[in-house]
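A.B. asks: Sharing coords_32.csv (CSV, C-alpha atoms and all ligand atoms) below.
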chain,number,residue,atom,x,y,z
A,5,MET,CA,26.8,-33.5,-43.1
A,6,GLU,CA,26.5,-36.1,-45.8
A,7,ASN,CA,27.4,-39.8,-45.4
A,8,LEU,CA,30.3,-40.4,-47.7
A,9,PHE,CA,28.9,-43.8,-48.5
A,10,ASP,CA,25.6,-42.3,-49.7
A,11,THR,CA,27.4,-39.6,-51.8
A,12,PRO,CA,27.3,-40.4,-55.5
A,13,ASP,CA,30.7,-40.4,-57.4
A,14,SER,CA,29.5,-37.5,-59.5
A,15,VAL,CA,28.9,-35.4,-56.4
A,16,LEU,CA,32.3,-36.3,-54.8
A,17,GLN,CA,34.0,-35.6,-58.1
A,18,ASN,CA,32.4,-32.1,-58.3
A,19,TRP,CA,33.3,-31.4,-54.8
A,20,LEU,CA,36.9,-32.4,-55.4
A,21,ALA,CA,37.0,-30.1,-58.4
A,22,GLU,CA,35.8,-27.2,-56.2
A,23,GLN,CA,38.6,-28.0,-53.8
A,24,ARG,CA,41.0,-27.9,-56.8
A,25,GLN,CA,42.0,-31.5,-56.3
A,26,PRO,CA,42.9,-33.9,-59.1
A,27,PRO,CA,40.2,-36.5,-60.1
A,28,PHE,CA,42.3,-39.5,-58.9
A,29,ARG,CA,41.7,-38.4,-55.3
A,30,GLN,CA,38.2,-39.9,-55.6
A,31,LYS,CA,39.6,-43.4,-56.0
A,32,GLN,CA,42.1,-42.8,-53.1
A,33,ILE,CA,39.3,-41.7,-50.8
A,34,ARG,CA,36.9,-44.5,-51.8
A,35,GLN,CA,39.6,-47.1,-51.3
A,36,ALA,CA,40.9,-45.7,-48.0
A,37,ALA,CA,37.3,-45.4,-46.7
A,38,LEU,CA,36.8,-49.2,-47.0
A,39,GLN,CA,40.0,-50.1,-45.0
A,40,PRO,CA,39.2,-51.7,-41.6
A,41,GLY,CA,40.1,-49.4,-38.8
A,42,ILE,CA,39.9,-46.2,-40.9
A,43,VAL,CA,37.1,-44.3,-39.1
A,44,ASP,CA,38.3,-40.7,-39.5
A,45,PHE,CA,39.5,-38.8,-42.6
A,46,GLU,CA,42.5,-37.8,-40.5
A,47,GLN,CA,43.8,-41.4,-40.8
A,48,MET,CA,44.0,-41.2,-44.6
A,49,SER,CA,47.7,-40.4,-44.6
A,50,ASN,CA,48.1,-40.5,-48.4
A,51,LEU,CA,45.9,-37.4,-48.7
A,52,PRO,CA,47.1,-33.8,-48.1
A,53,LYS,CA,46.4,-32.6,-44.6
A,54,ALA,CA,44.1,-29.7,-45.7
A,55,LEU,CA,42.0,-32.0,-47.9
A,56,ARG,CA,41.5,-34.4,-45.0
A,57,GLN,CA,40.3,-31.5,-42.9
A,58,ARG,CA,37.9,-30.3,-45.5
A,59,LEU,CA,36.6,-33.8,-46.0
A,60,GLY,CA,36.0,-34.1,-42.3
A,61,GLU,CA,34.0,-30.8,-42.3
A,62,THR,CA,31.8,-31.9,-45.2
A,63,PHE,CA,31.3,-35.7,-45.1
A,64,ARG,CA,30.7,-38.3,-42.4
A,65,LEU,CA,32.8,-41.5,-42.5
A,66,ARG,CA,30.8,-43.1,-39.7
A,67,SER,CA,27.2,-42.2,-39.3
A,68,MET,CA,26.2,-44.8,-36.6
A,69,ARG,CA,27.5,-45.4,-33.1
A,70,PRO,CA,27.0,-48.3,-30.8
A,71,VAL,CA,24.7,-47.5,-27.8
A,72,ALA,CA,24.3,-51.0,-26.4
A,73,GLN,CA,26.2,-54.3,-26.7
A,74,THR,CA,25.7,-57.9,-25.5
A,75,GLY,CA,28.0,-60.9,-25.8
A,76,SER,CA,31.8,-60.8,-26.2
A,77,PRO,CA,34.4,-61.9,-28.8
A,78,GLN,CA,34.6,-65.2,-26.8
A,79,SER,CA,30.8,-65.8,-26.9
A,80,SER,CA,28.9,-67.3,-29.9
A,81,ALA,CA,27.4,-64.0,-30.8
A,82,GLU,CA,28.0,-60.3,-30.2
A,83,LYS,CA,25.0,-58.0,-30.7
A,84,PHE,CA,25.2,-54.3,-31.2
A,85,LEU,CA,22.5,-51.7,-31.0
A,86,LEU,CA,23.6,-49.0,-33.4
A,87,GLU,CA,22.2,-45.4,-33.4
A,88,LEU,CA,21.8,-43.8,-36.8
A,89,ALA,CA,22.4,-40.1,-37.5
A,90,ASP,CA,18.7,-39.4,-37.1
A,91,GLY,CA,18.4,-41.1,-33.7
A,92,ASN,CA,16.8,-44.3,-35.0
A,93,ARG,CA,18.3,-47.6,-33.9
A,94,ILE,CA,19.1,-50.9,-35.6
A,95,GLU,CA,20.6,-54.2,-34.6
A,96,THR,CA,23.8,-55.7,-36.1
A,97,VAL,CA,25.1,-59.1,-34.9
A,98,VAL,CA,28.5,-60.8,-35.3
A,99,LEU,CA,28.2,-64.5,-34.9
A,100,HIS,CA,31.2,-66.7,-34.1
A,101,ASN,CA,31.6,-70.3,-35.0
A,102,ASP,CA,34.1,-73.0,-33.9
A,103,ARG,CA,36.0,-72.6,-37.2
A,104,GLY,CA,36.9,-69.0,-36.4
A,105,GLU,CA,34.8,-67.7,-39.3
A,106,PRO,CA,32.8,-64.6,-38.2
A,107,THR,CA,29.4,-64.1,-39.8
A,108,LEU,CA,27.7,-60.7,-39.9
A,109,CYS,CA,23.9,-60.5,-39.5
A,110,VAL,CA,22.8,-57.3,-41.3
A,111,SER,CA,19.6,-55.1,-41.0
A,112,THR,CA,18.0,-53.5,-44.0
A,113,GLN,CA,15.2,-51.4,-42.4
A,114,VAL,CA,14.4,-49.7,-39.1
A,115,GLY,CA,11.7,-52.1,-37.9
A,116,CYS,CA,9.8,-54.2,-40.4
A,117,ALA,CA,6.4,-53.9,-42.1
A,118,MET,CA,5.9,-57.7,-42.4
A,119,ARG,CA,4.5,-58.2,-38.9
A,120,CYS,CA,5.2,-61.9,-38.7
A,121,ALA,CA,3.5,-63.2,-35.6
A,122,PHE,CA,6.6,-64.6,-33.9
A,123,CYS,CA,9.1,-61.8,-34.7
A,124,ALA,CA,10.2,-59.0,-32.5
A,125,SER,CA,11.4,-56.7,-35.3
A,126,GLY,CA,8.0,-56.0,-36.8
A,127,MET,CA,6.1,-55.5,-33.5
A,128,ASN,CA,6.0,-51.7,-34.1
A,129,GLY,CA,5.9,-51.7,-37.9
A,130,VAL,CA,8.5,-50.1,-40.1
A,131,VAL,CA,10.0,-46.7,-39.5
A,132,ARG,CA,12.1,-46.3,-42.7
A,133,ASN,CA,14.4,-48.1,-45.1
A,134,LEU,CA,18.1,-47.9,-44.4
A,135,THR,CA,20.2,-46.2,-47.0
A,136,SER,CA,22.8,-48.2,-48.9
A,137,GLY,CA,25.5,-46.4,-47.0
A,138,GLU,CA,23.9,-47.4,-43.7
A,139,ILE,CA,23.8,-51.1,-44.9
A,140,LEU,CA,27.4,-50.9,-46.0
A,141,GLU,CA,28.5,-49.3,-42.8
A,142,GLN,CA,27.3,-52.3,-40.8
A,143,PHE,CA,29.9,-54.3,-42.7
A,144,LEU,CA,32.5,-51.7,-41.9
A,145,PHE,CA,31.5,-51.5,-38.3
A,146,ALA,CA,32.0,-55.3,-38.1
A,147,ALA,CA,35.3,-55.2,-39.9
A,148,ASP,CA,36.6,-52.4,-37.5
A,149,HIS,CA,35.3,-54.4,-34.5
A,150,LEU,CA,36.9,-57.7,-35.7
A,151,LYS,CA,40.2,-55.9,-36.5
A,152,ALA,CA,40.3,-54.6,-33.0
A,153,THR,CA,39.2,-57.8,-31.2
A,154,ALA,CA,40.0,-60.9,-33.3
A,155,ASP,CA,42.5,-62.2,-35.8
A,156,ALA,CA,39.9,-63.4,-38.3
A,157,PRO,CA,38.3,-61.1,-40.9
A,158,LEU,CA,34.6,-61.3,-41.8
A,159,SER,CA,33.9,-64.6,-43.5
A,160,HIS,CA,30.2,-64.7,-44.2
A,161,ALA,CA,27.1,-62.4,-44.1
A,162,VAL,CA,23.5,-63.1,-43.6
A,163,ILE,CA,20.8,-60.5,-44.4
A,164,MET,CA,18.7,-61.7,-41.5
A,165,GLY,CA,18.6,-58.7,-39.2
A,166,MET,CA,15.8,-56.3,-38.9
A,167,GLY,CA,13.7,-55.6,-42.0
A,168,GLU,CA,12.5,-57.3,-45.1
A,169,PRO,CA,15.4,-57.3,-47.8
A,170,THR,CA,13.1,-57.3,-50.8
A,171,ALA,CA,11.3,-54.2,-49.5
A,172,ASN,CA,14.6,-52.3,-49.8
A,173,LEU,CA,16.3,-54.2,-52.5
A,174,ASP,CA,17.8,-51.3,-54.5
A,175,ALA,CA,19.7,-50.0,-51.5
A,176,LEU,CA,20.7,-53.5,-50.4
A,177,LEU,CA,22.0,-54.6,-53.8
A,178,ALA,CA,24.0,-51.3,-54.2
A,179,ALA,CA,25.7,-51.9,-50.8
A,180,LEU,CA,26.4,-55.5,-51.6
A,181,GLU,CA,28.0,-54.6,-54.9
A,182,ILE,CA,30.7,-52.8,-52.9
A,183,VAL,CA,30.9,-55.7,-50.4
A,184,VAL,CA,31.6,-58.2,-53.1
A,185,ALA,CA,33.8,-56.1,-55.4
A,186,PRO,CA,37.5,-57.3,-55.3
A,187,GLU,CA,38.5,-53.6,-54.9
A,188,GLY,CA,35.7,-53.2,-52.3
A,189,LEU,CA,35.5,-55.6,-49.3
A,190,GLY,CA,36.1,-58.7,-51.5
A,191,LEU,CA,33.6,-60.9,-49.7
A,192,GLY,CA,32.3,-63.6,-52.1
A,193,ALA,CA,28.7,-63.4,-53.2
A,194,ARG,CA,28.3,-67.1,-52.4
A,195,LYS,CA,29.1,-66.3,-48.8
A,196,ILE,CA,26.2,-63.9,-48.5
A,197,THR,CA,22.7,-65.2,-47.7
A,198,LEU,CA,19.6,-63.1,-48.2
A,199,SER,CA,16.6,-64.2,-46.2
A,200,THR,CA,13.1,-63.1,-47.3
A,201,VAL,CA,9.5,-63.7,-46.5
A,202,GLY,CA,9.4,-63.9,-50.2
A,203,THR,CA,7.9,-61.7,-52.9
A,204,PRO,CA,8.1,-63.5,-56.2
A,205,THR,CA,9.0,-60.2,-57.9
A,206,GLY,CA,11.8,-59.5,-55.4
A,207,ILE,CA,13.2,-63.0,-55.8
A,208,ASP,CA,13.1,-62.6,-59.6
A,209,ARG,CA,14.9,-59.3,-59.4
A,210,LEU,CA,17.5,-60.9,-57.2
A,211,ALA,CA,18.0,-63.7,-59.8
A,212,GLN,CA,18.6,-61.1,-62.4
A,213,CYS,CA,21.2,-59.1,-60.5
A,214,GLY,CA,23.9,-61.4,-61.8
A,215,ARG,CA,25.4,-62.3,-58.4
A,216,PRO,CA,25.1,-65.9,-57.0
A,217,TYR,CA,23.8,-64.9,-53.6
A,218,HIS,CA,22.5,-67.7,-51.4
A,219,LEU,CA,18.7,-67.3,-51.1
A,220,ALA,CA,16.8,-68.3,-48.0
A,221,ILE,CA,13.0,-68.2,-47.9
A,222,SER,CA,11.1,-67.9,-44.6
A,223,LEU,CA,8.6,-70.6,-45.4
A,224,HIS,CA,7.6,-71.5,-41.8
A,225,ALA,CA,4.4,-73.4,-42.7
A,226,PRO,CA,3.5,-76.2,-45.2
A,227,ASN,CA,0.1,-74.8,-46.2
A,228,ASP,CA,-1.4,-71.4,-47.0
A,229,GLU,CA,-3.9,-71.4,-44.1
A,230,LEU,CA,-1.2,-71.8,-41.5
A,231,ARG,CA,1.4,-69.6,-43.3
A,232,SER,CA,-1.1,-66.7,-43.6
A,233,GLN,CA,-1.6,-66.9,-39.8
A,234,LEU,CA,2.1,-66.6,-39.1
A,235,ILE,CA,3.1,-64.4,-42.0
A,236,PRO,CA,0.5,-61.9,-43.2
A,237,ALA,CA,2.3,-61.3,-46.5
A,238,ASN,CA,1.3,-64.8,-47.4
A,239,ARG,CA,-2.2,-63.6,-48.2
A,240,VAL,CA,-0.7,-61.5,-51.0
A,241,PHE,CA,2.1,-63.9,-52.0
A,242,PRO,CA,1.0,-67.5,-51.2
A,243,ILE,CA,3.3,-70.6,-51.1
A,244,GLN,CA,2.9,-71.9,-54.7
A,245,PRO,CA,4.0,-68.8,-56.6
A,246,LEU,CA,6.7,-68.3,-54.0
A,247,LEU,CA,8.2,-71.8,-54.5
A,248,GLU,CA,8.0,-71.3,-58.3
A,249,ALA,CA,10.0,-68.1,-57.9
A,250,ALA,CA,12.5,-70.2,-55.8
A,251,ASP,CA,12.7,-72.7,-58.7
A,252,ARG,CA,13.4,-69.9,-61.1
A,253,TYR,CA,16.1,-68.6,-58.8
A,254,PHE,CA,17.7,-72.1,-58.7
A,255,ASN,CA,17.5,-72.3,-62.5
A,256,ALA,CA,19.1,-68.9,-63.0
A,257,THR,CA,21.9,-69.1,-60.4
A,258,GLY,CA,22.4,-72.9,-59.9
A,259,ARG,CA,22.2,-72.2,-56.2
A,260,ARG,CA,20.1,-74.5,-54.0
A,261,VAL,CA,17.5,-72.5,-52.2
A,262,THR,CA,17.1,-72.8,-48.4
A,263,CYS,CA,13.6,-73.0,-46.9
A,264,GLU,CA,13.7,-71.7,-43.3
A,265,TYR,CA,11.2,-73.3,-41.0
A,266,ILE,CA,10.7,-71.8,-37.6
A,267,LEU,CA,9.4,-74.5,-35.2
A,268,LEU,CA,6.6,-73.2,-32.9
A,269,ALA,CA,5.4,-75.8,-30.3
A,270,GLY,CA,1.9,-77.2,-31.1
A,271,LEU,CA,1.4,-74.8,-34.1
A,272,ASN,CA,3.5,-75.9,-37.0
A,273,ASP,CA,5.7,-78.7,-35.6
A,274,ARG,CA,3.4,-81.7,-35.8
A,275,ASP,CA,4.2,-84.8,-37.7
A,276,GLU,CA,1.6,-84.0,-40.3
A,277,HIS,CA,3.2,-80.6,-40.9
A,278,ALA,CA,6.6,-82.4,-41.6
A,279,THR,CA,4.9,-84.8,-44.0
A,280,GLN,CA,3.1,-81.9,-45.8
A,281,LEU,CA,6.4,-80.0,-46.0
A,282,ALA,CA,8.2,-83.0,-47.5
A,283,ARG,CA,5.5,-83.3,-50.2
A,284,LEU,CA,5.8,-79.6,-51.0
A,285,LEU,CA,9.6,-79.9,-51.5
A,286,LYS,CA,9.9,-83.4,-52.9
A,287,HIS,CA,10.8,-82.5,-56.4
A,288,ARG,CA,12.6,-79.3,-55.7
A,289,CYS,CA,16.3,-78.6,-55.1
A,290,ALA,CA,15.8,-77.2,-51.6
A,291,LEU,CA,17.3,-77.5,-48.2
A,292,VAL,CA,15.2,-77.1,-45.1
A,293,ASN,CA,16.7,-75.1,-42.2
A,294,LEU,CA,14.8,-75.9,-39.0
A,295,ILE,CA,14.9,-73.0,-36.5
A,296,PRO,CA,13.5,-73.7,-33.1
A,297,TYR,CA,11.6,-70.6,-32.0
A,298,ASN,CA,13.7,-68.1,-30.1
A,299,PRO,CA,11.4,-66.8,-27.3
A,300,VAL,CA,10.3,-63.2,-27.5
A,301,LYS,CA,9.1,-61.9,-24.1
A,302,GLU,CA,6.0,-60.2,-25.3
A,303,LEU,CA,4.8,-63.1,-27.5
A,304,PRO,CA,2.9,-66.3,-26.5
A,305,PHE,CA,4.7,-68.9,-28.5
A,306,GLN,CA,6.7,-71.9,-27.1
A,307,THR,CA,9.8,-73.6,-28.3
A,308,PRO,CA,9.3,-77.3,-29.1
A,309,SER,CA,11.3,-80.0,-27.2
A,310,ALA,CA,14.6,-81.1,-28.6
A,311,LYS,CA,12.9,-84.5,-29.2
A,312,GLN,CA,10.1,-83.0,-31.3
A,313,VAL,CA,12.7,-81.0,-33.3
A,314,ARG,CA,14.6,-84.2,-34.0
A,315,ARG,CA,11.4,-86.1,-34.9
A,316,PHE,CA,10.4,-83.3,-37.4
A,317,ALA,CA,13.9,-83.5,-39.0
A,318,GLU,CA,13.7,-87.3,-39.2
A,319,ILE,CA,10.4,-87.3,-41.1
A,320,LEU,CA,11.8,-84.9,-43.6
A,321,GLU,CA,15.1,-86.9,-44.0
A,322,LYS,CA,13.2,-90.1,-44.4
A,323,ALA,CA,11.3,-88.5,-47.3
A,324,GLY,CA,14.6,-87.6,-48.9
A,325,ILE,CA,14.6,-83.9,-48.0
A,326,PRO,CA,18.0,-82.4,-46.9
A,327,VAL,CA,17.7,-80.8,-43.4
A,328,VAL,CA,19.9,-78.8,-41.1
A,329,THR,CA,18.8,-77.7,-37.7
A,330,ARG,CA,20.0,-74.2,-36.5
A,331,HIS,CA,21.3,-74.3,-33.0
A,332,ARG,CA,20.2,-71.4,-31.1
A,333,LYS,CA,23.0,-69.0,-30.5
A,334,GLY,CA,21.2,-65.8,-29.9
A,335,ASP,CA,18.8,-66.3,-27.0
A,336,ALA,CA,21.3,-65.5,-24.3
A,337,ILE,CA,22.1,-62.1,-25.9
A,338,ASP,CA,18.6,-61.0,-27.1
A,339,ALA,CA,19.5,-62.1,-30.6
A,340,ALA,CA,16.1,-62.9,-31.9
A,341,CYS,CA,15.3,-60.2,-34.4
A,342,GLY,CA,14.5,-56.9,-32.8
A,343,GLN,CA,14.8,-57.9,-29.2
A,344,LEU,CA,17.7,-55.8,-28.2
A,345,ARG,CA,16.1,-52.8,-29.8
A,346,ALA,CA,12.8,-53.5,-28.1
A,347,SER,CA,14.5,-53.7,-24.7
A,348,HIS,CA,16.3,-50.3,-25.2
A,349,LYS,CA,13.6,-47.9,-26.2
A,350,ASN,CA,14.9,-44.4,-27.3
A,351,PRO,CA,14.6,-41.9,-24.4
B,401,LIG,N1,12.6,-60.4,-43.2
B,401,LIG,C1,13.5,-61.5,-43.5
B,401,LIG,C2,14.8,-61.5,-42.8
B,401,LIG,C3,14.8,-61.2,-41.3
B,401,LIG,S1,14.5,-62.5,-40.2
B,401,LIG,C4,12.7,-62.8,-43.4
B,401,LIG,O1,11.6,-62.8,-42.9
B,401,LIG,O2,13.3,-63.8,-43.9
B,401,LIG,C5,15.6,-63.8,-40.4
B,401,LIG,C6,14.9,-65.1,-40.0
B,401,LIG,O3,14.6,-65.2,-38.6
B,401,LIG,C7,13.6,-65.3,-40.7
B,401,LIG,O4,13.5,-66.7,-41.1
B,401,LIG,C8,12.6,-65.1,-39.5
B,401,LIG,O5,11.3,-65.7,-39.8
B,401,LIG,C9,13.3,-65.7,-38.3
B,401,LIG,N2,12.8,-65.3,-37.0
B,401,LIG,C10,12.2,-64.1,-36.7
B,401,LIG,N3,11.8,-64.1,-35.4
B,401,LIG,C11,12.2,-65.3,-34.9
B,401,LIG,C12,12.2,-65.9,-33.6
B,401,LIG,N4,11.6,-65.3,-32.6
B,401,LIG,N5,12.7,-67.1,-33.5
B,401,LIG,C13,13.3,-67.7,-34.5
B,401,LIG,N6,13.4,-67.2,-35.7
B,401,LIG,C14,12.9,-66.0,-35.9
What would the structure in this file look like if it were written as structure tokens?

C.D. replies:
Amino acid sequence: MENLFDTPDSVLQNWLAEQRQPPFRQKQIRQAALQPGIVDFEQMSNLPKALRQRLGETFRLRSMRPVAQTGSPQSSAEKFLLELADGNRIETVVLHNDRGEPTLCVSTQVGCAMRCAFCASGMNGVVRNLTSGEILEQFLFAADHLKATADAPLSHAVIMGMGEPTANLDALLAALEIVVAPEGLGLGARKITLSTVGTPTGIDRLAQCGRPYHLAISLHAPNDELRSQLIPANRVFPIQPLLEAADRYFNATGRRVTCEYILLAGLNDRDEHATQLARLLKHRCALVNLIPYNPVKELPFQTPSAKQVRRFAEILEKAGIPVVTRHRKGDAIDAACGQLRASHKNP
């Protein structure tokens, strides 16, 4: 059976013609399929009963099912392990803040090819890209879940789950077009953050897509030697061309770029690293997001003390660089990338 969300309009149109249905059914089906809580064609009450049945025999409206879950609507994060139609598994997280604005953390690939030293997602490499339907379905899954458990609809999304977004950009951008469309899910492009290890070409393509998405770059080190140790992709795309691509992104979209900086005790969290980072960003319109390392069982890294995190932030602030520190939400629920998946191996 074909995923409805990966079925091109032309194919659905032809199929409807074969069923002797008028062309306007396409729009009706597409619109109904995006309503929170509509998980079965049977629920599309504005369609004739026989058509609903034929649709159900031909297309899938949900291709992924939750096989494990941590957290609750009352906790700061709810994490879902979703099994895809081919048995592969991905993670999707709903983060809750004090303002009652749920944020969805979206995966773009099964696994990840980047093999960043501190990340659980890439420990076994990449299996495959998600289809745009599978990316969109994570939004629908969250919308269904929030409709059933909370009053608030989805407020923001971060493309910070498993996978490297620029390695699957076509599928991601196609899914996001439906997410941001007023007749789609209607979530503002400014409320969507894409996080990337950063390929200059990927960032340039994103700048040209015409949507003011918020860009976050996983910088994580202030010099190429250290960054290449942590992020192998840096050997191909070093810091300078990456930051130049970030500057172009800012010029094209007017959106300040965030530089994510994971803090690993004794490795990249020393005072001299903060000073070097400040120098790198001095004349750029960038915000630093400090992320204390979220421990991964199999990995040897340590989280710095709260004092050292504060000290690192202060050095940047004194140099005039805007800083926010991410407070860890995920660790109690295996929310560091890939951890829930790693702890639930397929049978
Ligand atoms: N591949 C993309 C998006 C996925 S990861 C990227 O690299 O940006 C989202 C963010 O979480 C990245 O900044 C990533 O480096 C960070 N991250 C990965 N593992 C982490 C860990 N164990 N603790 C804290 N942050 C982590």

A.B. asks: Could the residues of chain A that have an atom at most 9 Å from ligand LIG 401 (chain B) be listed as CSV, each with its closest atom pair and the distance in Å to one decimal, counting all atoms listed in the file and ordered by chain and ascending residue number?

C.D. replies:
residue,atom,partner,partner_atom,distance
A:Cys109,CA,B:LIG401,C5,9.0
A:Val110,CA,B:LIG401,C3,8.9
A:Ser111,CA,B:LIG401,C3,7.8
A:Thr112,CA,B:LIG401,C2,8.7
A:Cys116,CA,B:LIG401,N1,7.4
A:Met118,CA,B:LIG401,N1,7.3
A:Cys120,CA,B:LIG401,O5,7.3
A:Ala121,CA,B:LIG401,N3,8.4
A:Phe122,CA,B:LIG401,N4,5.2
A:Cys123,CA,B:LIG401,N3,3.6
A:Ala124,CA,B:LIG401,N3,6.1
A:Ser125,CA,B:LIG401,N3,7.4
A:Val162,CA,B:LIG401,C5,8.6
A:Ile163,CA,B:LIG401,C2,6.3
A:Met164,CA,B:LIG401,C5,3.9
A:Gly165,CA,B:LIG401,C3,5.0
A:Met166,CA,B:LIG401,C3,5.5
A:Gly167,CA,B:LIG401,N1,5.1
A:Glu168,CA,B:LIG401,N1,3.6
A:Pro169,CA,B:LIG401,N1,6.2
A:Thr170,CA,B:LIG401,N1,8.2
A:Ala171,CA,B:LIG401,N1,8.9
A:Leu198,CA,B:LIG401,C2,7.4
A:Ser199,CA,B:LIG401,O2,4.0
A:Thr200,CA,B:LIG401,O2,3.5
A:Val201,CA,B:LIG401,O1,4.3
A:Gly202,CA,B:LIG401,O2,7.4
A:Ala220,CA,B:LIG401,O2,7.0
A:Ile221,CA,B:LIG401,O2,6.0
A:Ser222,CA,B:LIG401,O4,4.4
A:Leu223,CA,B:LIG401,O4,7.6
A:His224,CA,B:LIG401,O5,7.2
A:Ile235,CA,B:LIG401,O5,8.6
A:Cys263,CA,B:LIG401,O4,8.6
A:Glu264,CA,B:LIG401,O4,5.5
A:Tyr265,CA,B:LIG401,O4,7.0
A:Ile266,CA,B:LIG401,N6,5.7
A:Leu267,CA,B:LIG401,C13,7.9
A:Leu268,CA,B:LIG401,N5,8.6
A:Ile295,CA,B:LIG401,C13,5.9
A:Pro296,CA,B:LIG401,C13,6.2
A:Tyr297,CA,B:LIG401,N5,4.0
A:Asn298,CA,B:LIG401,N5,3.7
A:Pro299,CA,B:LIG401,N4,5.5
A:Val300,CA,B:LIG401,N4,5.7
A:Leu303,CA,B:LIG401,N4,8.8
A:Phe305,CA,B:LIG401,N4,8.8
A:Thr307,CA,B:LIG401,N5,8.8
A:Arg332,CA,B:LIG401,C13,8.5
A:Asp335,CA,B:LIG401,N5,8.9
A:Ala339,CA,B:LIG401,N4,8.8
A:Ala340,CA,B:LIG401,N4,5.1
A:Cys341,CA,B:LIG401,N3,5.3
A:Gly342,CA,B:LIG401,N3,8.1
A:Gln343,CA,B:LIG401,N4,8.7

A.B. asks: So which one's closest to Asn293 (chain A), A:Met127, A:Val261, A:Phe143, A:Arg274? Using all atoms listed in the file, please.

C.D. replies: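 Under the stated criterion, the closest residue is A:Val261.
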
A.B. asks: Mind pulling up the distance from CA of Ala290 (chain A) to CA of Gly192 (chain A)?

C.D. replies: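 We find that CA of Gly192 (chain A) and CA of Ala290 (chain A) lie 21.4 Å from each other.
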
A.B. asks: With all atoms listed in the file as the counted atoms, please give the residues lying no more than 8 Å from Val114 (chain A), apart from itself and same-chain residues fewer than 5 positions off, as number ranges by chain.

C.D. replies: A: 92-94, 130-134, 166-167

A.B. asks: For region 245-260 of chain A, find every residue with an atom within 7 Å (counting all atoms listed in the file), except residues of its own chain fewer than 6 positions away, and show them as a JSON list (two decimals) with C-alpha atoms, in the frame of the given file.

C.D. replies:
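Below you can see part_12.json, which holds the result:
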[["chain", "number", "residue", "atom", "x", "y", "z"],
["A", 202, "GLY", "CA", 9.40, -63.90, -50.20],
["A", 203, "THR", "CA", 7.90, -61.70, -52.90],
["A", 204, "PRO", "CA", 8.10, -63.50, -56.20],
["A", 207, "ILE", "CA", 13.20, -63.00, -55.80],
["A", 208, "ASP", "CA", 13.10, -62.60, -59.60],
["A", 211, "ALA", "CA", 18.00, -63.70, -59.80],
["A", 216, "PRO", "CA", 25.10, -65.90, -57.00],
["A", 218, "HIS", "CA", 22.50, -67.70, -51.40],
["A", 289, "CYS", "CA", 16.30, -78.60, -55.10],
["A", 290, "ALA", "CA", 15.80, -77.20, -51.60]]

A.B. asks: One decimal, in Å: what's the spacing between CA of Ile319 (chain A) and CA of Tyr217 (chain A)?

C.D. replies: 28.9 Å

A.B. asks: Taking into account only C-alpha atoms, which residue in the set A:Glu6, A:Glu141, A:Asp148, A:Glu321 is nearest to Leu176 (chain A)?

C.D. replies: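 With only C-alpha atoms as the atom set, the closest residue is A:Glu141.
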
A.B. asks: Quick one: residues within 12 Å of region 51-59 of chain A, all atoms listed in the file counted, chain neighbours fewer than 5 positions away excluded, as a PyMOL selection string?

C.D. replies: chain A and resi 5-8+16+19-26+28-37+44-46+64-65

A.B. asks: So that I have them on file, write out the residues from the current selection with C-alpha atoms, as a PDB file, in the coordinates of the input.

C.D. replies:
ATOM      1  CA  MET A   5      26.800 -33.500 -43.100  1.00  0.00           C
ATOM      2  CA  GLU A   6      26.500 -36.100 -45.800  1.00  0.00           C
ATOM      3  CA  ASN A   7      27.400 -39.800 -45.400  1.00  0.00           C
ATOM      4  CA  LEU A   8      30.300 -40.400 -47.700  1.00  0.00           C
ATOM      5  CA  LEU A  16      32.300 -36.300 -54.800  1.00  0.00           C
ATOM      6  CA  TRP A  19      33.300 -31.400 -54.800  1.00  0.00           C
ATOM      7  CA  LEU A  20      36.900 -32.400 -55.400  1.00  0.00           C
ATOM      8  CA  ALA A  21      37.000 -30.100 -58.400  1.00  0.00           C
ATOM      9  CA  GLU A  22      35.800 -27.200 -56.200  1.00  0.00           C
ATOM     10  CA  GLN A  23      38.600 -28.000 -53.800  1.00  0.00           C
ATOM     11  CA  ARG A  24      41.000 -27.900 -56.800  1.00  0.00           C
ATOM     12  CA  GLN A  25      42.000 -31.500 -56.300  1.00  0.00           C
ATOM     13  CA  PRO A  26      42.900 -33.900 -59.100  1.00  0.00           C
ATOM     14  CA  PHE A  28      42.300 -39.500 -58.900  1.00  0.00           C
ATOM     15  CA  ARG A  29      41.700 -38.400 -55.300  1.00  0.00           C
ATOM     16  CA  GLN A  30      38.200 -39.900 -55.600  1.00  0.00           C
ATOM     17  CA  LYS A  31      39.600 -43.400 -56.000  1.00  0.00           C
ATOM     18  CA  GLN A  32      42.100 -42.800 -53.100  1.00  0.00           C
ATOM     19  CA  ILE A  33      39.300 -41.700 -50.800  1.00  0.00           C
ATOM     20  CA  ARG A  34      36.900 -44.500 -51.800  1.00  0.00           C
ATOM     21  CA  GLN A  35      39.600 -47.100 -51.300  1.00  0.00           C
ATOM     22  CA  ALA A  36      40.900 -45.700 -48.000  1.00  0.00           C
ATOM     23  CA  ALA A  37      37.300 -45.400 -46.700  1.00  0.00           C
ATOM     24  CA  ASP A  44      38.300 -40.700 -39.500  1.00  0.00           C
ATOM     25  CA  PHE A  45      39.500 -38.800 -42.600  1.00  0.00           C
ATOM     26  CA  GLU A  46      42.500 -37.800 -40.500  1.00  0.00           C
ATOM     27  CA  ARG A  64      30.700 -38.300 -42.400  1.00  0.00           C
ATOM     28  CA  LEU A  65      32.800 -41.500 -42.500  1.00  0.00           C
TER      29      LEU A  65
END

A.B. asks: Report, in Å to a single decimal, how far apart CA of Thr329 (chain A) and CA of His149 (chain A) are.

C.D. replies: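 It comes out at 28.7 Å.
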